[in-house]
>>> print(open('input-v5.txt').read())   # compact mmCIF, C-alpha atoms
# COMPACT_ATOMS: atom_id res chain seq x y z
CA MET A 595 99.93 99.94 100.51
CA PRO A 596 100.67 103.41 101.55
CA PRO A 597 100.02 109.75 101.32
CA THR A 598 101.88 112.58 101.46
CA ASN A 599 105.09 113.83 102.67
CA PRO A 600 103.76 113.67 106.22
CA PRO A 601 102.54 117.16 107.01
CA SER A 602 106.10 117.41 108.00
CA VAL A 603 106.68 114.50 110.35
CA PRO A 604 104.84 115.10 113.61
CA PRO A 605 106.91 115.51 116.71
CA SER A 606 107.66 112.55 118.89
CA GLY A 607 105.56 112.20 121.96
CA PRO A 608 102.15 110.98 123.01
CA THR A 609 99.76 109.97 120.28
CA ARG A 610 96.78 112.18 119.45
CA ARG A 611 93.25 110.88 119.01
CA VAL A 612 90.56 112.41 116.88
CA THR A 613 87.43 112.62 118.98
CA ALA A 614 84.51 110.44 118.06
CA LYS A 615 83.69 106.83 118.42
CA PRO A 616 85.73 104.42 116.30
CA PRO A 617 83.91 102.39 113.68
CA ASN A 618 83.00 98.82 114.43
CA ALA A 619 86.38 97.18 114.91
CA ARG A 620 85.94 93.61 116.01
CA ALA A 621 84.00 90.79 114.50
CA SER A 622 80.77 90.27 116.37
CA ARG A 623 80.63 87.26 118.59
CA GLY A 624 78.34 84.36 117.86
CA ALA A 625 77.89 81.91 115.04
CA PRO A 626 79.09 82.97 111.57
CA PRO A 627 76.39 83.33 108.90
CA PRO A 628 75.33 80.27 106.87
CA GLY A 629 77.72 79.46 104.04
CA THR A 630 80.74 80.75 105.91
CA ARG A 631 82.23 77.37 106.77
CA SER A 632 82.00 75.98 103.25
CA ALA A 633 83.76 79.07 101.95
CA ALA A 634 86.37 78.88 104.72
CA LEU A 635 87.09 75.26 103.77
CA LEU A 636 87.78 76.38 100.21
CA LEU A 637 90.16 79.04 101.48
CA LEU A 638 92.03 76.63 103.75
CA ALA A 639 92.31 74.03 101.01
CA ALA A 640 93.85 76.65 98.74
CA VAL A 641 96.50 77.55 101.34
CA PHE A 642 97.29 74.15 102.89
CA ASP A 643 96.80 71.86 99.91
CA ARG A 644 97.72 74.05 96.94
CA ARG A 645 99.94 76.61 98.68
CA ARG A 646 98.06 79.57 97.25
CA PRO A 647 97.94 82.95 99.08
CA LEU A 648 94.84 83.55 101.16
CA GLU A 649 93.96 86.82 99.40
CA GLU A 650 94.23 85.15 96.01
CA ALA A 651 91.98 82.32 97.20
CA LEU A 652 89.47 84.86 98.50
CA ASP A 653 89.31 86.51 95.07
CA GLN A 654 88.68 83.12 93.47
CA LEU A 655 85.74 82.07 95.65
CA PRO A 656 82.59 81.33 93.63
CA ALA A 657 80.70 84.50 92.75
CA ALA A 658 77.53 83.07 94.33
CA ILE A 659 79.02 83.35 97.82
CA GLU A 660 77.54 86.40 99.54
CA PRO A 661 79.85 89.25 100.61
CA ARG A 662 79.09 88.72 104.30
CA ASP A 663 79.95 85.02 103.95
CA ARG A 664 83.21 85.93 102.21
CA ALA A 665 84.17 88.29 105.02
CA ALA A 666 83.25 85.82 107.75
CA ALA A 667 85.02 82.97 105.92
CA HIS A 668 88.16 85.09 105.65
CA ARG A 669 88.01 85.80 109.38
CA LEU A 670 87.57 82.12 110.23
CA ALA A 671 90.29 80.93 107.84
CA ALA A 672 92.69 83.59 109.16
CA ALA A 673 92.09 82.42 112.75
CA VAL A 674 92.91 78.84 111.74
CA LEU A 675 96.06 79.90 109.87
CA ARG A 676 97.23 82.09 112.75
CA HIS A 677 96.79 79.34 115.36
CA ALA A 678 97.08 76.08 113.38
CA GLY A 679 99.83 74.59 115.53
CA SER A 680 97.97 75.21 118.78
CA LEU A 681 94.66 73.98 117.37
CA ASP A 682 96.33 70.77 116.21
CA ALA A 683 97.79 70.25 119.68
CA VAL A 684 94.28 70.48 121.17
CA LEU A 685 92.84 68.09 118.57
CA GLU A 686 95.63 65.52 118.62
CA PRO A 687 94.67 63.62 121.81
CA HIS A 688 91.28 62.84 120.25
CA LEU A 689 92.56 61.51 116.90
CA ARG A 690 93.83 57.95 116.49
CA ARG A 691 95.03 58.49 112.93
CA GLU A 692 95.54 61.40 110.56
CA PRO A 693 92.21 62.39 108.97
CA PRO A 694 91.89 63.43 105.33
CA PRO A 695 92.90 67.07 104.66
CA VAL A 696 89.32 68.33 104.38
CA VAL A 697 88.45 66.78 107.73
CA ARG A 698 91.60 68.17 109.36
CA ALA A 699 90.67 71.61 108.05
CA ALA A 700 87.10 71.30 109.34
CA LEU A 701 88.30 70.19 112.78
CA ARG A 702 90.66 73.16 112.93
CA MET A 703 87.78 75.45 111.98
CA GLY A 704 85.49 74.02 114.63
CA ALA A 705 88.20 74.25 117.28
CA ALA A 706 88.94 77.85 116.28
CA GLU A 707 85.28 78.75 116.65
CA LEU A 708 85.10 77.11 120.07
CA LEU A 709 88.40 78.36 121.50
CA LEU A 710 89.05 81.66 119.71
CA LEU A 711 85.93 83.16 118.18
CA GLY A 712 83.34 82.63 120.91
CA THR A 713 80.88 80.68 118.77
CA PRO A 714 78.32 78.80 120.94
CA ALA A 715 79.31 75.14 121.22
CA HIS A 716 76.13 73.71 119.73
CA ALA A 717 76.39 75.98 116.68
CA ALA A 718 80.10 75.36 116.11
CA VAL A 719 79.77 71.57 116.37
CA ALA A 720 76.58 71.17 114.33
CA ALA A 721 77.64 73.51 111.54
CA THR A 722 81.10 71.96 111.21
CA VAL A 723 79.63 68.46 111.06
CA ALA A 724 77.37 69.65 108.25
CA VAL A 725 80.28 70.53 105.93
CA VAL A 726 82.40 67.36 106.21
CA PRO A 727 81.99 64.23 104.09
CA ARG A 728 79.27 62.03 105.59
CA PRO A 729 81.51 59.11 106.68
CA PHE A 730 83.43 61.50 108.95
CA ALA A 731 80.47 63.26 110.54
CA GLY A 732 80.57 61.06 113.64
CA LEU A 733 84.30 61.60 114.14
CA VAL A 734 84.02 65.38 113.81
CA ASN A 735 81.03 65.48 116.15
CA ALA A 736 82.81 63.42 118.82
CA VAL A 737 86.11 65.29 118.62
CA LEU A 738 84.58 68.77 118.71
CA ARG A 739 82.34 67.86 121.64
CA LYS A 740 85.51 66.87 123.51
CA VAL A 741 87.13 70.15 122.52
CA ALA A 742 84.07 72.04 123.72
CA THR A 743 84.38 70.54 127.20
CA GLU A 744 88.14 70.04 127.62
CA GLY A 745 89.81 72.11 124.93
CA ALA A 746 90.04 75.47 126.69
CA GLU A 747 92.10 74.08 129.55
CA ILE A 748 94.47 72.29 127.18
CA TYR A 749 94.76 75.36 124.97
CA GLU A 750 95.71 77.63 127.87
CA SER A 751 98.48 75.24 128.93
CA LEU A 752 100.22 75.23 125.53
CA ASP A 753 103.31 77.11 124.42
CA ARG A 754 101.22 78.68 121.67
CA GLU A 755 103.89 81.08 120.47
CA ARG A 756 106.21 78.25 119.58
CA LEU A 757 103.56 75.87 118.28
CA ASP A 758 102.17 78.50 115.90
CA THR A 759 105.61 79.39 114.49
CA PRO A 760 107.25 77.06 111.92
CA PRO A 761 110.50 75.62 113.35
CA TRP A 762 112.68 77.15 110.63
CA LEU A 763 111.34 80.63 111.37
CA TRP A 764 111.70 80.14 115.11
CA SER A 765 115.34 79.12 114.65
CA ALA A 766 116.09 82.01 112.30
CA TRP A 767 114.51 84.61 114.58
CA HIS A 768 116.17 83.11 117.66
CA ALA A 769 119.54 83.50 115.95
CA ALA A 770 118.77 87.05 114.82
CA TYR A 771 116.90 88.47 117.82
CA GLY A 772 117.61 86.16 120.76
CA ALA A 773 115.31 84.05 122.93
CA GLY A 774 113.31 87.02 124.16
CA GLY A 775 113.03 88.53 120.71
CA VAL A 776 111.72 85.45 118.93
CA ARG A 777 109.10 84.89 121.61
CA SER A 778 108.04 88.52 121.54
CA ILE A 779 107.71 88.45 117.75
CA ALA A 780 105.71 85.20 117.85
CA ARG A 781 103.44 86.69 120.51
CA ALA A 782 102.74 89.68 118.28
CA HIS A 783 101.72 87.30 115.48
CA GLN A 784 98.94 85.92 117.68
CA GLN A 785 96.89 89.06 117.02
CA ALA A 786 95.60 90.59 113.81
CA ALA A 787 96.96 93.99 112.86
CA PRO A 788 95.10 97.30 113.15
CA LEU A 789 94.24 99.36 110.08
CA ASP A 790 96.78 102.11 109.29
CA LEU A 791 96.19 104.91 106.82
CA THR A 792 98.30 107.53 105.10
CA LEU A 793 96.35 110.71 104.39
CA ALA A 794 96.45 112.73 101.21
CA PRO A 795 97.60 116.35 101.69
CA GLY A 796 94.88 118.38 103.39
CA ALA A 797 92.63 115.36 104.04
CA THR A 798 90.71 114.97 107.29
CA PRO A 799 91.39 111.75 109.23
CA PRO A 800 88.46 109.36 109.73
CA GLU A 801 86.59 109.53 113.02
CA GLY A 802 88.21 107.46 115.74
CA ALA A 803 91.66 107.43 114.11
CA THR A 804 94.76 107.86 116.26
CA LEU A 805 97.76 109.84 115.03
CA LEU A 806 100.96 107.83 115.43
CA PRO A 807 104.32 109.51 116.11
CA THR A 808 105.54 108.82 112.57
CA GLY A 809 102.55 110.50 110.89
CA SER A 810 100.31 107.53 110.05
CA TRP A 811 96.73 107.28 111.33
CA ARG A 812 95.54 104.11 113.06
CA LEU A 813 92.10 102.55 113.41
CA PRO A 814 91.26 99.41 115.42
CA GLU A 815 91.73 95.92 114.06
CA GLY A 816 88.63 94.80 112.19
CA THR A 817 87.81 98.24 110.79
CA ARG A 818 86.50 97.85 107.24
CA VAL A 819 88.23 100.36 105.02
CA THR A 820 85.33 100.28 102.57
CA ASP A 821 83.09 101.71 105.30
CA LEU A 822 85.26 104.80 105.77
CA PRO A 823 84.13 108.04 104.13
CA GLY A 824 86.68 109.55 101.78
CA LEU A 825 88.04 106.30 100.32
CA ALA A 826 86.55 106.72 96.85
CA GLU A 827 87.53 110.40 96.83
CA GLY A 828 91.22 109.55 97.35
CA GLN A 829 91.47 111.06 100.83
CA PHE A 830 93.76 108.27 102.08
CA TRP A 831 95.24 104.89 101.32
CA VAL A 832 95.90 101.81 103.45
CA GLN A 833 99.52 101.46 104.54
CA ASP A 834 101.04 100.11 107.73
CA ALA A 835 102.98 102.73 109.69
CA ALA A 836 106.21 100.79 109.09
CA ALA A 837 105.54 100.51 105.35
CA ALA A 838 105.23 104.29 105.19
CA LEU A 839 108.78 104.83 106.49
CA PRO A 840 110.99 103.90 103.48
CA ALA A 841 109.45 106.54 101.19
CA ARG A 842 109.69 109.16 103.94
CA LEU A 843 113.34 108.28 104.48
CA LEU A 844 114.02 108.93 100.79
CA ALA A 845 113.11 112.58 101.58
CA VAL A 846 112.01 113.50 98.07
CA ARG A 847 112.00 117.21 97.20
CA PRO A 848 109.65 118.90 94.72
CA GLY A 849 110.79 118.49 91.14
CA GLU A 850 113.18 115.59 91.75
CA ARG A 851 113.11 112.66 89.32
CA VAL A 852 112.25 109.52 91.26
CA ALA A 853 112.06 105.85 90.30
CA ASP A 854 109.86 103.55 92.38
CA LEU A 855 110.81 99.96 91.59
CA CYS A 856 108.45 97.01 92.23
CA ALA A 857 105.86 99.69 92.88
CA ALA A 858 102.47 97.95 93.20
CA PRO A 859 100.08 98.40 94.89
CA GLY A 860 101.22 102.02 94.98
CA GLY A 861 101.21 103.34 98.52
CA LYS A 862 104.88 104.32 98.42
CA THR A 863 104.43 105.64 94.88
CA ALA A 864 101.69 107.92 96.20
CA GLN A 865 103.95 109.16 98.99
CA LEU A 866 106.69 110.05 96.51
CA ALA A 867 104.26 111.81 94.17
CA THR A 868 102.54 113.83 96.89
CA ALA A 869 105.97 114.92 98.11
CA GLY A 870 106.40 116.62 94.73
CA GLY A 871 108.54 114.04 92.97
CA ILE A 872 108.32 113.40 89.22
CA VAL A 873 107.74 109.67 89.65
CA THR A 874 108.22 106.71 87.35
CA ALA A 875 106.68 103.58 88.89
CA VAL A 876 107.97 100.25 87.59
CA GLU A 877 105.98 97.03 88.04
CA ARG A 878 106.57 93.72 86.28
CA ASP A 879 103.27 91.91 86.88
CA PRO A 880 100.45 93.11 84.56
CA LYS A 881 97.69 92.50 87.13
CA ARG A 882 99.59 94.34 89.83
CA ALA A 883 100.39 97.14 87.40
CA ALA A 884 96.67 97.47 86.65
CA ARG A 885 95.95 97.70 90.36
CA LEU A 886 98.71 100.31 90.69
CA ARG A 887 97.09 102.43 87.96
CA GLU A 888 93.66 102.10 89.60
CA ASN A 889 95.00 103.25 92.96
CA LEU A 890 96.85 106.19 91.46
CA ALA A 891 93.73 107.20 89.51
CA ARG A 892 91.64 107.12 92.69
CA LEU A 893 94.24 109.33 94.37
CA LYS A 894 94.32 111.64 91.31
CA LEU A 895 98.11 111.43 91.05
CA ASP A 896 100.11 111.97 87.87
CA VAL A 897 102.67 109.16 87.75
CA THR A 898 104.29 107.38 84.80
CA VAL A 899 103.67 103.63 85.16
CA VAL A 900 106.00 101.27 83.30
CA GLU A 901 105.38 97.53 82.98
CA ALA A 902 108.88 96.06 83.09
CA ASP A 903 111.18 93.86 85.12
CA ALA A 904 113.04 96.30 87.36
CA ALA A 905 116.03 93.94 87.40
CA HIS A 906 116.63 94.82 83.74
CA TRP A 907 114.85 98.14 83.23
CA MET A 908 117.06 100.94 81.95
CA PRO A 909 115.31 104.00 80.49
CA ASP A 910 116.93 106.29 77.92
CA GLU A 911 117.24 108.90 80.64
CA ALA A 912 118.47 107.33 83.85
CA ASN A 913 120.31 109.62 86.28
CA PHE A 914 117.46 109.68 88.77
CA ASP A 915 117.78 111.91 91.81
CA ALA A 916 116.28 109.19 94.01
CA VAL A 917 115.33 105.53 93.73
CA LEU A 918 113.09 103.51 96.05
CA LEU A 919 113.51 99.74 95.88
CA ASP A 920 110.92 97.94 97.99
CA ALA A 921 112.11 94.54 96.86
CA PRO A 922 110.01 91.36 96.68
CA CYS A 923 110.79 89.26 99.74
CA SER A 924 109.58 86.44 101.98
CA ALA A 925 107.14 88.90 103.66
CA THR A 926 107.80 87.42 107.10
CA GLY A 927 107.44 90.93 108.52
CA ILE A 928 103.73 91.12 107.65
CA ILE A 929 102.48 87.84 109.12
CA ARG A 930 100.05 89.72 111.36
CA ARG A 931 98.23 90.85 108.21
CA HIS A 932 98.84 87.69 106.20
CA PRO A 933 98.75 84.64 108.50
CA ASP A 934 99.06 82.33 105.48
CA ILE A 935 102.73 83.32 105.00
CA PRO A 936 104.19 80.82 107.53
CA HIS A 937 102.32 78.03 105.71
CA LEU A 938 103.49 79.11 102.25
CA LYS A 939 107.15 80.05 102.65
CA ARG A 940 110.11 77.68 102.96
CA PRO A 941 113.83 78.33 103.64
CA LYS A 942 114.65 77.70 99.97
CA ASP A 943 112.29 80.53 99.03
CA VAL A 944 114.41 82.97 101.01
CA VAL A 945 117.55 81.85 99.18
CA ALA A 946 115.97 82.51 95.78
CA LEU A 947 114.55 85.85 96.92
CA VAL A 948 117.91 87.06 98.22
CA GLU A 949 119.44 86.40 94.80
CA ALA A 950 116.62 88.34 93.11
CA GLN A 951 117.02 91.22 95.57
CA ALA A 952 120.74 91.39 94.82
CA ARG A 953 120.01 91.68 91.07
CA LEU A 954 117.44 94.42 91.69
CA LEU A 955 119.83 96.34 93.92
CA ALA A 956 122.59 96.21 91.30
CA GLN A 957 120.24 97.57 88.65
CA ALA A 958 118.80 100.23 90.98
CA ALA A 959 122.30 101.56 91.62
CA LYS A 960 122.80 102.08 87.88
CA LEU A 961 119.72 104.31 87.70
CA LEU A 962 121.12 106.93 90.09
CA ARG A 963 122.96 110.09 89.16
CA PRO A 964 126.20 110.68 91.08
CA GLY A 965 125.21 111.77 94.55
CA GLY A 966 121.68 110.41 94.09
CA ARG A 967 119.85 108.67 96.95
CA LEU A 968 118.61 105.11 97.16
CA VAL A 969 116.48 103.44 99.83
CA LEU A 970 116.38 99.64 99.88
CA ALA A 971 113.49 98.12 101.83
CA THR A 972 112.05 94.66 102.47
CA CYS A 973 109.06 93.64 104.61
CA SER A 974 111.02 90.68 105.97
CA LEU A 975 112.38 89.75 109.38
CA GLN A 976 115.12 87.62 107.81
CA PRO A 977 118.58 89.28 108.13
CA GLU A 978 119.73 87.78 104.84
CA GLU A 979 117.00 89.85 103.15
CA GLY A 980 118.07 92.97 105.00
CA GLU A 981 121.35 93.56 106.78
CA ALA A 982 123.22 91.11 104.52
CA HIS A 983 122.68 93.46 101.56
CA LEU A 984 124.83 96.18 103.13
CA ALA A 985 128.05 94.57 101.90
CA ARG A 986 126.56 94.14 98.41
CA ALA A 987 125.62 97.80 98.31
CA ALA A 988 129.16 98.84 99.17
CA ALA A 989 130.50 96.75 96.30
CA LEU A 990 128.16 98.63 93.95
CA GLY A 991 129.57 102.02 94.90
CA LEU A 992 126.71 102.88 97.22
CA VAL A 993 127.81 104.81 100.29
CA PRO A 994 125.73 104.47 103.49
CA ASP A 995 123.61 107.50 104.31
CA PRO A 996 122.73 106.77 107.96
CA ILE A 997 119.20 107.43 109.17
CA ALA A 998 119.13 109.97 112.01
CA PRO A 999 117.11 109.43 115.21
CA ILE A 1000 115.07 112.57 114.48
CA GLU A 1001 113.72 110.84 111.35
CA LEU A 1002 112.11 108.07 113.43
CA PRO A 1003 109.98 109.81 116.07
CA GLY A 1004 108.72 107.29 118.59
CA LEU A 1005 110.84 104.52 117.05
CA ARG A 1006 114.35 105.03 118.38
CA THR A 1007 114.67 101.30 119.06
CA ALA A 1008 114.15 100.63 115.34
CA LEU A 1009 117.38 102.46 114.48
CA VAL A 1010 120.11 99.81 114.38
CA ARG A 1011 123.45 98.86 112.84
CA GLY A 1012 125.05 101.68 110.90
CA GLY A 1013 121.94 103.87 110.86
CA THR A 1014 119.59 101.35 109.24
CA LEU A 1015 115.94 100.72 110.06
CA ARG A 1016 114.66 97.46 111.55
CA THR A 1017 111.04 97.45 112.73
CA ARG A 1018 109.47 94.38 114.29
CA PRO A 1019 105.87 93.36 114.96
CA ASP A 1020 106.46 93.47 118.72
CA MET A 1021 107.32 97.19 118.64
CA TRP A 1022 104.57 99.60 119.74
CA ALA A 1023 102.88 96.63 121.41
CA GLU A 1024 100.56 98.82 123.47
CA GLN A 1025 99.51 100.72 120.35
CA GLY A 1026 98.77 97.63 118.28
CA GLY A 1027 102.17 96.63 116.90
CA LEU A 1028 103.98 97.33 113.66
CA ASP A 1029 104.93 95.46 110.51
CA GLY A 1030 108.45 94.10 110.29
CA PHE A 1031 110.62 96.08 107.85
CA PHE A 1032 114.26 96.58 107.00
CA ALA A 1033 115.39 99.77 105.26
CA ALA A 1034 118.78 101.24 104.47
CA ARG A 1035 119.63 104.51 102.72
CA PHE A 1036 122.60 105.06 100.41
CA ARG A 1037 124.11 107.65 98.12
CA ARG A 1038 125.85 106.90 94.86
CA ALA A 1039 129.50 107.80 95.12
>>> encode(input="input-v5.txt", output="structure tokens")
Amino acid sequence: MPPTNPPSVPPSGPTRRVTAKPPNARASRGAPPPGTRSAALLLLAAVFDRRRPLEEALDQLPAAIEPRDRAAAHRLAAAVLRHAGSLDAVLEPHLRREPPPVVRAALRMGAAELLLLGTPAHAAVAATVAVVPRPFAGLVNAVLRKVATEGAEIYESLDRERLDTPPWLWSAWHAAYGAGGVRSIARAHQQAAPLDLTLAPGATPPEGATLLPTGSWRLPEGTRVTDLPGLAEGQFWVQDAAAALPARLLAVRPGERVADLCAAPGGKTAQLATAGGIVTAVERDPKRAARLRENLARLKLDVTVVEADAAHWMPDEANFDAVLLDAPCSATGIIRRHPDIPHLKRPKDVVALVEAQARLLAQAAKLLRPGGRLVLATCSLQPEEGEAHLARAAALGLVPDPIAPIELPGLRTALVRGGTLRTRPDMWAEQGGLDGFFAARFRRA
């Protein structure tokens, strides 16, 4: 995801806006283009029925589907995924029995268009009926007409935050962050995230971008990065403001040898390289490694990319000055950007991921020279994928190197237990929120 050593981190205080009108940010109201609903059904079937990530399903849509239909289908599917629990609660009074999965998905789509996306009722109902199997056309027509007349009132009366959050996540966040915290996090997940950028050194921010206190630049939700000038020239890369923090906290100095473990897609790698580090980026998955190379080539950065499992990788010359481990995790901190995550992850997944993170941390510690620095990060809201690793780090001879308040301008509330970082999606609510991240910094004894 994530450019540079922020032109030294900007001072805390009010955000600064580049003058000019922001690019088109929100999806236009009205009926989606023809073909959208069929494509959206394919996306929802991939997530709900086959438990495949939404972005992967988008890449696998038939090539014949037009780009505008792909974009609109993604928007529609994301709205359903983000609000599935609430949409089901609106539909339930009008269903006598559970419909087949494709019909359930179509009803959710139609309800999302009526209640969330502002599609005219006649267009939403007629177009949804057209994509369901013929024997169910009458049912879909009748149910969506009811939703069109009565659904808004029912929808407004619901506890949408709780309905749209899987019970296991609600319980985990309640235990970790309290009753107010879990509700605030769930409320933040109701909205899509804005587009954050990290700029390459000397680059000019896009028109309409707002400078955040931590040095990232923000554009409104719905901004299409491919429409921004400077993308192909490597002027910036996409990276949430929270995702940009771990590499900054590593505080790489020119000439230092740095290992970036689990590096794809390369935003943090780019930060380390533009800070002057001699970077080795390690990525296990060949497809992700290819994407990493493509991104680094676009940014014109000289980085050594190694395809290897970071849990076992040990080069001839270890003794790195600094190591960044952004470990694979449940990704519950980035639900605003990936609303399929609550429908894909299960508690048992977290257990397996914690074990993998522990193995990666143990290997990362071996790569450091004495006195070298290590930052462990996960884009998860689950404490077992964050704070629970502090004891493991101590057992590996890693000494805490507390983060100082001055390193987190505008984010003092994210500095928690023992000088570690814990961002949440409900932080910076008035500015559009933030991804959920945990990060801790250590030195090798």
>>> residues_near_point(input="input-v5.txt", point="(104.6, 84.3, 102.9)", cutoff="10 Å", atoms="all atoms listed in the file", output="compact mmCIF listing (two decimals) with C-alpha atoms, in the frame of the given file")
# COMPACT_ATOMS: atom_id res chain seq x y z
CA ARG A 645 99.94 76.61 98.68
CA ARG A 646 98.06 79.57 97.25
CA PRO A 647 97.94 82.95 99.08
CA LEU A 648 94.84 83.55 101.16
CA CYS A 923 110.79 89.26 99.74
CA SER A 924 109.58 86.44 101.98
CA ALA A 925 107.14 88.90 103.66
CA THR A 926 107.80 87.42 107.10
CA GLY A 927 107.44 90.93 108.52
CA ILE A 928 103.73 91.12 107.65
CA ILE A 929 102.48 87.84 109.12
CA HIS A 932 98.84 87.69 106.20
CA PRO A 933 98.75 84.64 108.50
CA ASP A 934 99.06 82.33 105.48
CA ILE A 935 102.73 83.32 105.00
CA PRO A 936 104.19 80.82 107.53
CA HIS A 937 102.32 78.03 105.71
CA LEU A 938 103.49 79.11 102.25
CA LYS A 939 107.15 80.05 102.65
CA ARG A 940 110.11 77.68 102.96
CA ASP A 943 112.29 80.53 99.03
CA SER A 974 111.02 90.68 105.97
>>> residues_near_point(input="input-v5.txt", point="(96.8, 70.7, 119.9)", cutoff="12 Å", atoms="all atoms listed in the file", output="PyMOL selection string")
chain A and resi 677-689+701-702+705-706+709+741+744-754+757-758
>>> atom_distance(input="input-v5.txt", atom1="atom CA of Asp879 of chain A", atom2="atom CA of Val899 of chain A")
11.9 Å
>>> residues_around(input="input-v5.txt", residues="Pro788 of chain A", least_positions_apart="2", cutoff="12 Å", atoms="all atoms listed in the file", output="ChimeraX atom specification")
/A:619-620,782,785-786,790-791,803-804,810-819,832-835,928,930-931,1019,1022-1029
>>> write_last_selection(input="input-v5.txt", atoms="C-alpha atoms", output="CSV table (one decimal), in the frame of the given file")
chain,number,residue,atom,x,y,z
A,619,ALA,CA,86.4,97.2,114.9
A,620,ARG,CA,85.9,93.6,116.0
A,782,ALA,CA,102.7,89.7,118.3
A,785,GLN,CA,96.9,89.1,117.0
A,786,ALA,CA,95.6,90.6,113.8
A,790,ASP,CA,96.8,102.1,109.3
A,791,LEU,CA,96.2,104.9,106.8
A,803,ALA,CA,91.7,107.4,114.1
A,804,THR,CA,94.8,107.9,116.3
A,810,SER,CA,100.3,107.5,110.0
A,811,TRP,CA,96.7,107.3,111.3
A,812,ARG,CA,95.5,104.1,113.1
A,813,LEU,CA,92.1,102.6,113.4
A,814,PRO,CA,91.3,99.4,115.4
A,815,GLU,CA,91.7,95.9,114.1
A,816,GLY,CA,88.6,94.8,112.2
A,817,THR,CA,87.8,98.2,110.8
A,818,ARG,CA,86.5,97.8,107.2
A,819,VAL,CA,88.2,100.4,105.0
A,832,VAL,CA,95.9,101.8,103.4
A,833,GLN,CA,99.5,101.5,104.5
A,834,ASP,CA,101.0,100.1,107.7
A,835,ALA,CA,103.0,102.7,109.7
A,928,ILE,CA,103.7,91.1,107.6
A,930,ARG,CA,100.0,89.7,111.4
A,931,ARG,CA,98.2,90.8,108.2
A,1019,PRO,CA,105.9,93.4,115.0
A,1022,TRP,CA,104.6,99.6,119.7
A,1023,ALA,CA,102.9,96.6,121.4
A,1024,GLU,CA,100.6,98.8,123.5
A,1025,GLN,CA,99.5,100.7,120.4
A,1026,GLY,CA,98.8,97.6,118.3
A,1027,GLY,CA,102.2,96.6,116.9
A,1028,LEU,CA,104.0,97.3,113.7
A,1029,ASP,CA,104.9,95.5,110.5
>>> residues_around(input="input-v5.txt", residues="Ala905 of chain A", least_positions_apart="4", cutoff="10 Å", atoms="all atoms listed in the file", output="PyMOL selection string")
chain A and resi 855-856+878+950-958
>>> write_last_selection(input="input-v5.txt", atoms="C-alpha atoms", output="mmCIF file, keeping the file's coordinate frame")
data_model
loop_
_atom_site.group_PDB
_atom_site.id
_atom_site.type_symbol
_atom_site.label_atom_id
_atom_site.label_comp_id
_atom_site.auth_asym_id
_atom_site.auth_seq_id
_atom_site.Cartn_x
_atom_site.Cartn_y
_atom_site.Cartn_z
ATOM 1 C CA LEU A 855 110.810 99.960 91.590
ATOM 2 C CA CYS A 856 108.450 97.010 92.230
ATOM 3 C CA ARG A 878 106.570 93.720 86.280
ATOM 4 C CA ALA A 950 116.620 88.340 93.110
ATOM 5 C CA GLN A 951 117.020 91.220 95.570
ATOM 6 C CA ALA A 952 120.740 91.390 94.820
ATOM 7 C CA ARG A 953 120.010 91.680 91.070
ATOM 8 C CA LEU A 954 117.440 94.420 91.690
ATOM 9 C CA LEU A 955 119.830 96.340 93.920
ATOM 10 C CA ALA A 956 122.590 96.210 91.300
ATOM 11 C CA GLN A 957 120.240 97.570 88.650
ATOM 12 C CA ALA A 958 118.800 100.230 90.980
#
>>> atom_distance(input="input-v5.txt", atom1="atom CA of Asn913 of chain A", atom2="atom CA of Leu961 of chain A")
5.5 Å
>>> residues_around(input="input-v5.txt", residues="Arg1016 of chain A", least_positions_apart="4", cutoff="8 Å", atoms="all atoms listed in the file", output="list of chain:residue names")
A:Ala1008, A:Leu1009, A:Val1010, A:Gly1030, A:Phe1031, A:Phe1032, A:Ala1033
>>> atom_distance(input="input-v5.txt", atom1="atom CA of Val873 of chain A", atom2="atom CA of Gly1013 of chain A")
26.2 Å
>>> closest_residue(input="input-v5.txt", among="A:Leu839, A:Val876, A:Ala853, A:Ala988", to="Thr1017 of chain A", atoms="all atoms listed in the file")
A:Leu839
>>> closest_residue(input="input-v5.txt", among="A:Ala736, A:Ala671, A:Val641, A:Ala982", to="Leu710 of chain A", atoms="only C-alpha atoms")
A:Ala671
>>> residues_around(input="input-v5.txt", residues="Leu843 of chain A", least_positions_apart="2", cutoff="8 Å", atoms="all atoms listed in the file", output="PyMOL selection string")
chain A and resi 839-841+845+969+997+1001+1035
